[in-house]
Amino acid sequence: MGIWQGRSRRKRTGGRLRPIRKKRRFEISRELQHATIGAGTVKRYRVRGANRKLRVLTTQTINVYDPATRKMQRAKIVTVRENPANPNYVQRNIITKGAILETDIGLVRVRSRPGQDGVLNGVRVAAASAA
């Protein structure tokens, strides 16, 4: 089943909107494929205008920026600690932008969009600000 991203058939007040046309192919979005912890897998997919995007399906590492030292380093992901997008994503180890990950160098907040960028970048956070 496709996910439709067209205009709603209801008004904000709950009243019915009369359709002005049928659904269009460009209003269909893609099925959800979440980034999780595992062996590194990246998928390429076609978007509008024959352009390409990359989607992280599984990954074990993250590029971490440390504001204290102003350096980038690669860290191994241990688990997902917190995910404001959906509380159930923590149990399933699903990574989205804004998620707090536990790594071998400390807690990291994800700053990239793994479903669209094809890379996982993050910023190291203090333990007190993440809790």
# chains A, B, ... in the order shown; residues from 1 in each chain; ligands from 1
call {"tool": "select_by_dssp", "arguments": {"residues": "chain A", "states": "strand (DSSP E)", "output": "PyMOL selection string"}}
result
chain A and resi 3-4+28-29+35-37+41-47+51-59+61-66+71-82+94-95+100-103+106-110+121-124
call {"tool": "residues_around", "arguments": {"residues": "range 63-78 of chain A", "least_positions_apart": "5", "cutoff": "6 Å", "atoms": "only C-alpha atoms", "output": "MDAnalysis selection string"}}
result
chainID A and resid 102:104 121:124
call {"tool": "write_last_selection", "arguments": {"atoms": "N, CA and C atoms", "output": "mmCIF file, in the first residue's frame"}}
result
data_model
loop_
_atom_site.group_PDB
_atom_site.id
_atom_site.type_symbol
_atom_site.label_atom_id
_atom_site.label_comp_id
_atom_site.auth_asym_id
_atom_site.auth_seq_id
_atom_site.Cartn_x
_atom_site.Cartn_y
_atom_site.Cartn_z
ATOM 1 N N GLU A 102 24.040 5.902 22.394
ATOM 2 C CA GLU A 102 25.150 5.597 23.291
ATOM 3 C C GLU A 102 26.252 4.991 22.435
ATOM 4 N N THR A 103 27.436 5.615 22.468
ATOM 5 C CA THR A 103 28.576 5.135 21.694
ATOM 6 C C THR A 103 29.721 4.806 22.639
ATOM 7 N N ASP A 104 30.811 4.321 22.050
ATOM 8 C CA ASP A 104 31.958 3.983 22.878
ATOM 9 C C ASP A 104 32.689 5.211 23.406
ATOM 10 N N ASN A 121 25.780 11.403 10.957
ATOM 11 C CA ASN A 121 26.614 12.377 11.659
ATOM 12 C C ASN A 121 25.947 12.741 12.966
ATOM 13 N N GLY A 122 26.775 13.090 13.971
ATOM 14 C CA GLY A 122 26.232 13.464 15.255
ATOM 15 C C GLY A 122 27.154 14.392 16.018
ATOM 16 N N VAL A 123 26.630 14.937 17.124
ATOM 17 C CA VAL A 123 27.382 15.846 17.986
ATOM 18 C C VAL A 123 27.391 15.232 19.376
ATOM 19 N N ARG A 124 28.561 15.211 19.975
ATOM 20 C CA ARG A 124 28.685 14.676 21.322
ATOM 21 C C ARG A 124 27.973 15.595 22.296
#
call {"tool": "closest_residue", "arguments": {"among": "A:Leu120, A:Val125, A:Gln5, A:Phe26", "to": "Thr41 in chain A", "atoms": "only C-alpha atoms"}}
result
A:Leu120
call {"tool": "atom_distance", "arguments": {"atom1": "CA of Ala99 in chain A", "atom2": "CA of Ala35 in chain A"}}
result
11.4 Å
call {"tool": "select_by_dssp", "arguments": {"residues": "chain A", "states": "helix (DSSP H, G or I)", "output": "ChimeraX atom specification"}}
result
/A:25-27,48-50,88-92,114-117,127-130
call {"tool": "closest_residue", "arguments": {"among": "A:Thr79, A:Val47, A:Lys23, A:Thr13", "to": "Gln91 in chain A", "atoms": "only C-alpha atoms"}}
result
A:Thr79
call {"tool": "closest_residue", "arguments": {"among": "A:Arg25, A:Lys97, A:Arg81, A:Arg55", "to": "Gln116 in chain A", "atoms": "only C-alpha atoms"}}
result
A:Arg55
call {"tool": "residues_around", "arguments": {"residues": "Trp4 in chain A", "least_positions_apart": "6", "cutoff": "7 Å", "atoms": "only C-alpha atoms", "output": "list of chain:residue names"}}
result
A:Glu27, A:Ile28, A:Ser29
